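Have a look at my_file-v1.cif; it's mmCIF, C-alpha atoms:
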```
data_entry
loop_
_atom_site.label_atom_id
_atom_site.label_comp_id
_atom_site.auth_asym_id
_atom_site.auth_seq_id
_atom_site.Cartn_x
_atom_site.Cartn_y
_atom_site.Cartn_z
CA MET Z 3 10.63 1.44 -3.00
CA SER Z 4 11.19 1.35 0.75
CA SER Z 5 8.25 2.32 2.88
CA THR Z 6 9.63 5.38 4.58
CA SER Z 7 12.86 6.10 2.81
CA THR Z 8 11.37 7.92 -0.12
CA SER Z 9 10.74 11.40 1.20
CA SER Z 10 12.00 14.37 3.25
CA GLY Z 11 11.49 18.13 3.13
CA HIS Z 12 11.93 19.00 -0.51
CA HIS Z 13 11.87 15.25 -1.28
CA ARG Z 14 8.19 15.10 -0.29
CA GLU Z 15 5.92 14.76 -3.28
CA ASP Z 16 4.78 18.10 -4.66
CA GLU Z 17 1.74 16.59 -6.19
CA ARG Z 18 -1.35 16.53 -3.93
CA HIS Z 19 -4.68 15.50 -5.30
CA ALA Z 20 -6.64 18.76 -5.25
CA ALA Z 21 -9.91 17.48 -6.71
CA SER Z 22 -12.51 15.86 -4.48
CA VAL Z 23 -12.85 12.08 -4.34
CA THR Z 24 -16.05 12.20 -6.37
CA SER Z 25 -14.41 14.03 -9.27
CA ARG Z 26 -11.60 11.52 -9.83
CA ARG Z 27 -11.19 9.84 -13.18
CA SER Z 28 -11.14 6.10 -12.97
CA ALA Z 29 -7.96 4.27 -13.92
CA PHE Z 30 -9.57 2.75 -16.97
CA VAL Z 31 -10.96 6.07 -18.13
CA ALA Z 32 -7.44 7.47 -17.87
CA SER Z 33 -6.09 4.64 -20.03
CA GLY Z 34 -8.93 4.75 -22.54
CA SER Z 35 -10.80 1.61 -21.43
CA ALA Z 36 -13.99 1.00 -19.48
CA ALA Z 37 -14.40 2.60 -16.05
CA ILE Z 38 -13.23 0.58 -13.05
CA LEU Z 39 -15.46 2.27 -10.51
CA ARG Z 40 -19.11 1.40 -10.69
CA THR Z 41 -21.44 4.33 -11.19
CA ILE Z 42 -23.18 3.38 -7.98
CA GLY Z 43 -19.95 3.74 -6.01
CA VAL Z 44 -19.16 7.18 -7.34
CA GLY Z 45 -22.78 8.20 -7.00
CA ALA Z 46 -22.84 7.14 -3.37
CA ALA Z 47 -19.82 9.29 -2.60
CA THR Z 48 -21.41 12.24 -4.42
CA HIS Z 49 -24.67 11.77 -2.55
CA VAL Z 50 -22.95 11.80 0.82
CA GLY Z 51 -21.21 15.04 -0.08
CA LYS Z 52 -24.50 16.68 -1.05
CA ALA Z 53 -26.16 15.50 2.13
CA ARG Z 54 -23.50 17.18 4.24
CA ALA Z 55 -23.76 20.37 2.19
CA PHE Z 56 -27.48 20.64 2.96
CA GLY Z 57 -27.00 19.59 6.56
CA ALA Z 58 -29.15 16.48 6.33
CA PRO Z 59 -28.08 13.85 8.89
CA ARG Z 60 -26.78 10.64 7.37
CA ALA Z 61 -25.11 7.52 8.63
CA LYS Z 62 -21.34 7.58 8.33
CA SER Z 63 -20.22 6.13 5.01
CA ASP Z 64 -16.82 5.07 3.77
CA PRO Z 65 -16.71 5.14 -0.05
CA TYR Z 66 -13.26 3.55 0.13
CA ALA Z 67 -14.83 0.46 1.70
CA ASP Z 68 -17.71 0.52 -0.77
CA VAL Z 69 -15.33 0.31 -3.76
CA LEU Z 70 -14.47 -3.30 -2.95
CA LYS Z 71 -17.89 -4.49 -1.82
CA ASP Z 72 -18.85 -5.20 -5.43
CA PRO Z 73 -15.73 -4.34 -7.46
CA GLN Z 74 -16.76 -6.07 -10.69
CA PHE Z 75 -13.21 -7.10 -11.54
CA PRO Z 76 -12.77 -8.05 -15.21
CA ASP Z 77 -12.18 -11.63 -16.28
CA LYS Z 78 -8.50 -11.04 -17.03
CA TYR Z 79 -5.77 -9.14 -15.21
CA PRO Z 80 -6.15 -5.59 -16.59
CA PHE Z 81 -2.65 -4.16 -16.16
CA GLY Z 82 0.16 -4.58 -18.66
CA GLU Z 83 3.43 -2.90 -19.56
CA LYS Z 84 1.78 0.44 -20.30
CA GLU Z 85 0.12 0.64 -16.89
CA MET Z 86 3.28 -0.50 -15.08
CA ALA Z 87 5.64 1.88 -16.90
CA ARG Z 88 7.45 4.64 -15.02
CA TYR Z 89 8.90 7.98 -16.04
CA ASP Z 90 12.24 6.93 -14.55
CA GLU Z 91 13.08 3.38 -15.56
CA SER Z 92 16.65 3.50 -14.24
CA SER Z 93 17.73 0.95 -11.65
CA ASP Z 94 15.96 1.32 -8.33
CA PHE Z 95 19.20 0.43 -6.56
CA ILE Z 96 20.64 3.70 -7.90
CA PHE Z 97 17.64 5.69 -6.71
CA TYR Z 98 17.71 4.15 -3.23
CA SER Z 99 21.49 3.88 -2.85
CA GLN Z 100 21.65 6.72 -0.32
CA PRO Z 101 19.87 6.06 2.98
CA ARG Z 102 17.08 8.48 3.88
CA PHE Z 103 16.29 8.42 7.56
CA VAL Z 104 13.07 10.33 7.15
CA THR Z 105 9.36 9.60 7.01
CA HIS Z 106 7.15 9.58 3.96
CA ILE Z 107 3.87 10.63 5.58
CA ASP Z 108 3.11 13.12 8.33
CA ASP Z 109 2.97 12.26 12.02
CA GLU Z 110 -0.82 12.17 12.12
CA ALA Z 111 -1.01 9.65 9.29
CA ILE Z 112 1.72 7.57 10.93
CA GLY Z 113 -0.26 7.60 14.17
CA ALA Z 114 -3.39 6.45 12.37
CA LEU Z 115 -1.52 3.58 10.74
CA THR Z 116 0.04 2.53 14.05
CA LYS Z 117 -3.41 2.48 15.67
CA TYR Z 118 -4.66 0.35 12.80
CA TYR Z 119 -1.83 -2.10 13.37
CA GLU Z 120 -2.69 -2.19 17.07
CA ARG Z 121 -6.22 -3.17 16.12
CA GLU Z 122 -5.31 -5.81 13.53
CA PHE Z 123 -2.07 -7.43 14.71
CA PRO Z 124 -2.35 -10.68 16.65
CA PRO Z 125 -1.52 -10.48 20.36
CA ALA Z 126 2.21 -10.20 20.95
CA SER Z 127 3.77 -13.64 21.25
CA ASP Z 128 6.93 -15.52 20.44
CA ASP Z 129 4.80 -17.61 18.09
CA VAL Z 130 3.90 -14.61 15.91
CA ALA Z 131 5.82 -13.87 12.71
CA ILE Z 132 5.46 -10.65 10.68
CA LEU Z 133 7.01 -9.59 7.37
CA ASP Z 134 7.45 -5.93 6.38
CA VAL Z 135 7.73 -5.65 2.59
CA CYS Z 136 9.58 -2.62 1.15
CA SER Z 137 10.82 -2.01 4.66
CA SER Z 138 13.10 0.76 5.86
CA TRP Z 139 14.49 2.19 9.08
CA ILE Z 140 11.05 2.32 10.72
CA SER Z 141 7.95 0.17 10.31
CA HIS Z 142 5.35 2.17 12.29
CA TYR Z 143 4.41 -0.90 14.33
CA PRO Z 144 2.88 -0.40 17.80
CA ASN Z 145 5.37 0.78 20.38
CA GLY Z 146 6.71 -2.17 22.34
CA TYR Z 147 5.04 -4.77 20.15
CA LYS Z 148 7.00 -8.04 20.32
CA ALA Z 149 6.89 -11.03 18.02
CA GLY Z 150 9.11 -14.06 17.69
CA LYS Z 151 10.06 -13.05 14.16
CA ILE Z 152 9.78 -9.68 12.39
CA SER Z 153 11.45 -9.80 9.00
CA GLY Z 154 12.04 -6.98 6.56
CA VAL Z 155 12.64 -6.89 2.81
CA GLY Z 156 13.89 -3.55 1.51
CA MET Z 157 16.21 -1.66 -0.81
CA ASN Z 158 18.78 -0.05 1.48
CA GLU Z 159 20.82 -2.07 3.97
CA ASP Z 160 21.80 0.93 6.10
CA GLU Z 161 18.13 1.69 6.68
CA LEU Z 162 17.21 -1.91 7.40
CA LYS Z 163 20.06 -2.24 9.91
CA ARG Z 164 18.66 0.70 11.87
CA ASN Z 165 15.10 -0.63 12.08
CA PRO Z 166 14.73 -1.61 15.75
CA VAL Z 167 11.85 -4.05 15.31
CA LEU Z 168 13.42 -6.29 12.68
CA THR Z 169 14.87 -9.61 13.78
CA ASP Z 170 16.24 -10.23 10.26
CA TYR Z 171 16.22 -8.57 6.87
CA ALA Z 172 16.97 -9.10 3.20
CA VAL Z 173 18.06 -6.49 0.64
CA ARG Z 174 16.12 -7.00 -2.57
CA ASP Z 175 14.81 -5.04 -5.53
CA LEU Z 176 11.37 -6.59 -5.94
CA ASN Z 177 11.00 -5.05 -9.38
CA GLU Z 178 13.94 -7.17 -10.51
CA ASP Z 179 13.43 -10.21 -8.30
CA PRO Z 180 9.88 -10.36 -6.88
CA THR Z 181 10.57 -13.21 -4.45
CA PHE Z 182 11.01 -13.46 -0.70
CA PRO Z 183 13.74 -15.59 0.92
CA TYR Z 184 11.28 -17.27 3.28
CA ALA Z 185 9.53 -20.62 3.41
CA ASP Z 186 5.88 -21.19 2.60
CA ASN Z 187 3.34 -20.49 5.36
CA THR Z 188 5.78 -18.58 7.58
CA PHE Z 189 4.06 -15.31 8.53
CA ASP Z 190 0.90 -14.33 10.37
CA VAL Z 191 0.92 -10.81 8.92
CA VAL Z 192 2.56 -9.15 5.91
CA THR Z 193 2.65 -5.35 5.75
CA ASN Z 194 3.57 -2.88 3.03
CA THR Z 195 3.58 0.83 3.85
CA VAL Z 196 3.27 3.53 1.17
CA SER Z 197 5.22 1.49 -1.38
CA VAL Z 198 2.71 -0.55 -3.36
CA ASP Z 199 2.65 2.24 -5.97
CA TYR Z 200 6.32 1.58 -6.85
CA LEU Z 201 5.87 -2.10 -7.65
CA THR Z 202 6.17 -2.82 -11.39
CA ARG Z 203 5.42 -6.52 -10.89
CA PRO Z 204 2.72 -6.30 -8.23
CA LEU Z 205 0.99 -9.51 -9.20
CA ASP Z 206 4.20 -11.50 -8.70
CA VAL Z 207 4.82 -9.80 -5.38
CA MET Z 208 1.26 -10.46 -4.22
CA LYS Z 209 1.62 -14.13 -5.11
CA GLU Z 210 4.73 -14.20 -2.91
CA VAL Z 211 2.79 -12.51 -0.12
CA ARG Z 212 0.20 -15.28 -0.41
CA ARG Z 213 2.88 -17.96 -0.45
CA VAL Z 214 4.64 -16.86 2.73
CA LEU Z 215 1.47 -16.12 4.70
CA LYS Z 216 0.07 -18.80 6.94
CA PRO Z 217 -3.45 -19.95 6.03
CA GLY Z 218 -5.74 -17.25 7.39
CA GLY Z 219 -2.84 -14.82 7.65
CA LEU Z 220 -3.45 -11.13 6.97
CA ALA Z 221 -1.89 -8.91 4.29
CA ILE Z 222 -2.07 -5.14 4.89
CA MET Z 223 -1.26 -2.74 2.05
CA SER Z 224 -1.35 0.89 3.21
CA PHE Z 225 -0.87 4.01 1.10
CA SER Z 226 -1.40 7.75 0.98
CA ASN Z 227 -1.47 10.20 -1.93
CA ARG Z 228 2.24 10.98 -1.67
CA CYS Z 229 4.92 9.40 -3.80
CA PHE Z 230 7.93 9.97 -5.99
CA PRO Z 231 5.98 10.42 -9.23
CA THR Z 232 8.95 9.48 -11.41
CA LYS Z 233 9.17 6.07 -9.74
CA ALA Z 234 5.48 5.30 -9.26
CA VAL Z 235 3.78 3.24 -11.96
CA ALA Z 236 1.72 5.03 -14.60
CA ILE Z 237 -1.65 3.62 -13.53
CA TRP Z 238 -1.09 5.07 -10.06
CA THR Z 239 -0.05 8.58 -11.02
CA ALA Z 240 -2.90 8.85 -13.56
CA THR Z 241 -5.61 8.07 -11.01
CA GLY Z 242 -6.99 9.04 -7.61
CA ASP Z 243 -7.50 7.58 -4.17
CA LEU Z 244 -10.69 5.60 -4.84
CA ASP Z 245 -9.07 4.06 -7.90
CA HIS Z 246 -6.00 3.12 -5.87
CA VAL Z 247 -8.17 1.10 -3.51
CA TRP Z 248 -9.66 -0.75 -6.49
CA ILE Z 249 -6.23 -1.28 -8.07
CA VAL Z 250 -4.73 -2.83 -4.92
CA GLY Z 251 -7.87 -4.92 -4.50
CA ALA Z 252 -7.33 -6.17 -8.05
CA TYR Z 253 -3.78 -7.23 -7.17
CA TYR Z 254 -5.15 -9.48 -4.43
CA HIS Z 255 -7.96 -10.78 -6.62
CA PHE Z 256 -5.83 -11.77 -9.58
CA ALA Z 257 -3.03 -13.20 -7.44
CA GLY Z 258 -5.58 -15.74 -6.22
CA GLY Z 259 -5.73 -17.56 -2.93
CA PHE Z 260 -7.06 -14.62 -0.92
CA GLU Z 261 -10.43 -13.95 0.60
CA PRO Z 262 -12.20 -10.91 -0.94
CA PRO Z 263 -10.14 -7.76 -0.22
CA GLN Z 264 -11.46 -4.94 1.93
CA GLY Z 265 -10.66 -1.22 1.83
CA GLU Z 266 -10.78 1.36 4.59
CA ASP Z 267 -10.10 5.08 4.93
CA ILE Z 268 -8.11 5.57 8.14
CA SER Z 269 -7.20 9.21 7.42
CA PRO Z 270 -6.83 10.97 10.78
CA ASN Z 271 -8.12 14.40 9.73
CA PRO Z 272 -9.20 14.55 6.08
CA GLY Z 273 -8.16 17.75 4.36
CA ARG Z 274 -5.78 18.76 7.14
CA THR Z 275 -3.33 15.86 7.30
CA ASP Z 276 -1.98 13.30 4.86
CA PRO Z 277 -4.72 10.82 3.92
CA MET Z 278 -4.21 7.18 4.76
CA PHE Z 279 -5.88 4.12 3.25
CA VAL Z 280 -5.55 0.38 3.76
CA VAL Z 281 -6.52 -2.54 1.58
CA THR Z 282 -6.35 -5.91 3.29
CA ALA Z 283 -7.07 -9.55 2.56
CA ARG Z 284 -6.62 -12.84 4.35
CA LYS Z 285 -5.01 -15.88 2.76
CA SER Z 286 -7.65 -18.50 2.15
CA ALA Z 287 -7.52 -21.26 4.72
#
```

Could I get this structure in the form of structure tokens?
Amino acid sequence: MSSTSTSSGHHREDERHAASVTSRRSAFVASGSAAILRTIGVGAATHVGKARAFGAPRAKSDPYADVLKDPQFPDKYPFGEKEMARYDESSDFIFYSQPRFVTHIDDEAIGALTKYYEREFPPASDDVAILDVCSSWISHYPNGYKAGKISGVGMNEDELKRNPVLTDYAVRDLNEDPTFPYADNTFDVVTNTVSVDYLTRPLDVMKEVRRVLKPGGLAIMSFSNRCFPTKAVAIWTATGDLDHVWIVGAYYHFAGGFEPPQGEDISPNPGRTDPMFVVTARKSA
């Protein structure tokens, strides 16, 4: 479940999403319920594609941002045991017992994420506190960025010890114990990099994120289309990138106490490099 410790060479996920964004099934279609993506959202993405095919000039559009502009979340939290099940239900501590000092996404995607952090992080200061959830040996934070406190929660102590930006860390399997060993209103920013798809109790984790954030603090969930499919939850492996944005947005929404979530496609070179997406929300003041 650690952000960068889940892939290398042959460990990298074999499964790439080959279909276009507009041909994805929605998560609820995959599970036999009503569609999560509004027809207008999918239609907008399709329309943009057709416009490019015919060469008609159009304003730049980000369908990944559009997904959360009017998400039409249901009245009740829509994910249960079936959606959170995994092919491999063995202990995550077994799976992550050996340190992997490798990266999960390619260098271009890492660079895009680091630039995003540069844009969104508060100015470096001893007063700033950041938490990296599902952390590992590297956090992809801006080079030289300094904060008074940068904490990490992850699965493998050897990896956490090697992370040069962390001022402290805690080893924890959040699927067994979805709590953080930090006081309320501690952090200005909470990050999670390419690991939200492994969380089997995401609502509990998101409530903890809300608890430890300062009022107005920012949560940043970033993900690609790469994963260990045997450890990712069923709703994730059955769906595509647009759906993933909606799913993470739903985690924020149903955890409560956040401003409306926002999605963004920060992929550096779509079709040529690993894609990269972020879904963010601020804790309500």

task = Counting only C-alpha atoms, note down every residue that has an atom within 6 Å of the point (-15.2, 7.5, 6.8) (file coordinates), as a ChimeraX atom specification.
result = /Z:63-64,267

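If you look at atom CA of Z:Ala87 and atom CA of Z:Asn177, they are 11.5 Å away from each other.
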
message = I'd like the residues picked by the PyMOL selection byres ((chain Z and resi 193) around 9) written out as an NGL selection string, using the chain letters and numbers from the file.
response = :Z and (132-137 or 141 or 191-192 or 194-195 or 220-224)

ask   = Between Z:Ser269, Z:Thr282, Z:Ser153, Z:Thr232, which has the minimum distance to Z:Val173 (counting only C-alpha atoms)?
value = Z:Ser153

ask   = Residues at most 10 Å from Z:Lys117, counting only C-alpha atoms, excluding those fewer than 6 positions away in the same chain, as a PyMOL selection string?
value = chain Z and resi 111+142-144+268

Kindly add N, CA, C and O atoms to the incomplete stretch 144-157 of chain Z and provide the output as a JSON list (two decimals), in the coordinates of the input.
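What ended up in rebuild_32.json:
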```json
[["chain", "number", "residue", "atom", "x", "y", "z"],
["Z", 144, "PRO", "N", 3.18, -0.90, 16.45],
["Z", 144, "PRO", "CA", 2.88, -0.40, 17.80],
["Z", 144, "PRO", "C", 4.10, -0.40, 18.70],
["Z", 144, "PRO", "O", 4.90, -1.35, 18.68],
["Z", 145, "ASN", "N", 4.23, 0.64, 19.48],
["Z", 145, "ASN", "CA", 5.37, 0.78, 20.38],
["Z", 145, "ASN", "C", 5.41, -0.40, 21.36],
["Z", 145, "ASN", "O", 4.42, -0.70, 22.02],
["Z", 146, "GLY", "N", 6.54, -1.06, 21.41],
["Z", 146, "GLY", "CA", 6.71, -2.17, 22.34],
["Z", 146, "GLY", "C", 6.16, -3.49, 21.86],
["Z", 146, "GLY", "O", 6.26, -4.50, 22.57],
["Z", 147, "TYR", "N", 5.60, -3.52, 20.64],
["Z", 147, "TYR", "CA", 5.04, -4.77, 20.15],
["Z", 147, "TYR", "C", 6.17, -5.79, 19.92],
["Z", 147, "TYR", "O", 7.17, -5.49, 19.28],
["Z", 148, "LYS", "N", 5.98, -7.00, 20.43],
["Z", 148, "LYS", "CA", 7.00, -8.04, 20.32],
["Z", 148, "LYS", "C", 6.44, -9.25, 19.59],
["Z", 148, "LYS", "O", 5.30, -9.67, 19.82],
["Z", 149, "ALA", "N", 7.24, -9.79, 18.71],
["Z", 149, "ALA", "CA", 6.89, -11.03, 18.02],
["Z", 149, "ALA", "C", 8.15, -11.89, 17.93],
["Z", 149, "ALA", "O", 9.27, -11.38, 18.03],
["Z", 150, "GLY", "N", 7.96, -13.16, 17.77],
["Z", 150, "GLY", "CA", 9.11, -14.06, 17.69],
["Z", 150, "GLY", "C", 9.97, -13.78, 16.48],
["Z", 150, "GLY", "O", 11.19, -13.95, 16.52],
["Z", 151, "LYS", "N", 9.34, -13.32, 15.39],
["Z", 151, "LYS", "CA", 10.06, -13.05, 14.16],
["Z", 151, "LYS", "C", 9.42, -11.85, 13.48],
["Z", 151, "LYS", "O", 8.22, -11.84, 13.21],
["Z", 152, "ILE", "N", 10.22, -10.81, 13.20],
["Z", 152, "ILE", "CA", 9.78, -9.68, 12.39],
["Z", 152, "ILE", "C", 10.84, -9.46, 11.33],
["Z", 152, "ILE", "O", 11.94, -9.00, 11.60],
["Z", 153, "SER", "N", 10.51, -9.86, 10.11],
["Z", 153, "SER", "CA", 11.45, -9.80, 9.00],
["Z", 153, "SER", "C", 11.16, -8.59, 8.13],
["Z", 153, "SER", "O", 10.03, -8.12, 8.04],
["Z", 154, "GLY", "N", 12.20, -8.10, 7.47],
["Z", 154, "GLY", "CA", 12.04, -6.98, 6.56],
["Z", 154, "GLY", "C", 12.72, -7.25, 5.23],
["Z", 154, "GLY", "O", 13.82, -7.80, 5.19],
["Z", 155, "VAL", "N", 12.05, -6.87, 4.14],
["Z", 155, "VAL", "CA", 12.64, -6.89, 2.81],
["Z", 155, "VAL", "C", 12.63, -5.46, 2.30],
["Z", 155, "VAL", "O", 11.58, -4.81, 2.26],
["Z", 156, "GLY", "N", 13.82, -4.94, 1.95],
["Z", 156, "GLY", "CA", 13.89, -3.55, 1.51],
["Z", 156, "GLY", "C", 15.06, -3.31, 0.57],
["Z", 156, "GLY", "O", 15.78, -4.23, 0.20],
["Z", 157, "MET", "N", 15.25, -2.03, 0.22],
["Z", 157, "MET", "CA", 16.21, -1.66, -0.81],
["Z", 157, "MET", "C", 17.55, -1.18, -0.26],
["Z", 157, "MET", "O", 18.55, -1.24, -0.96]]
```
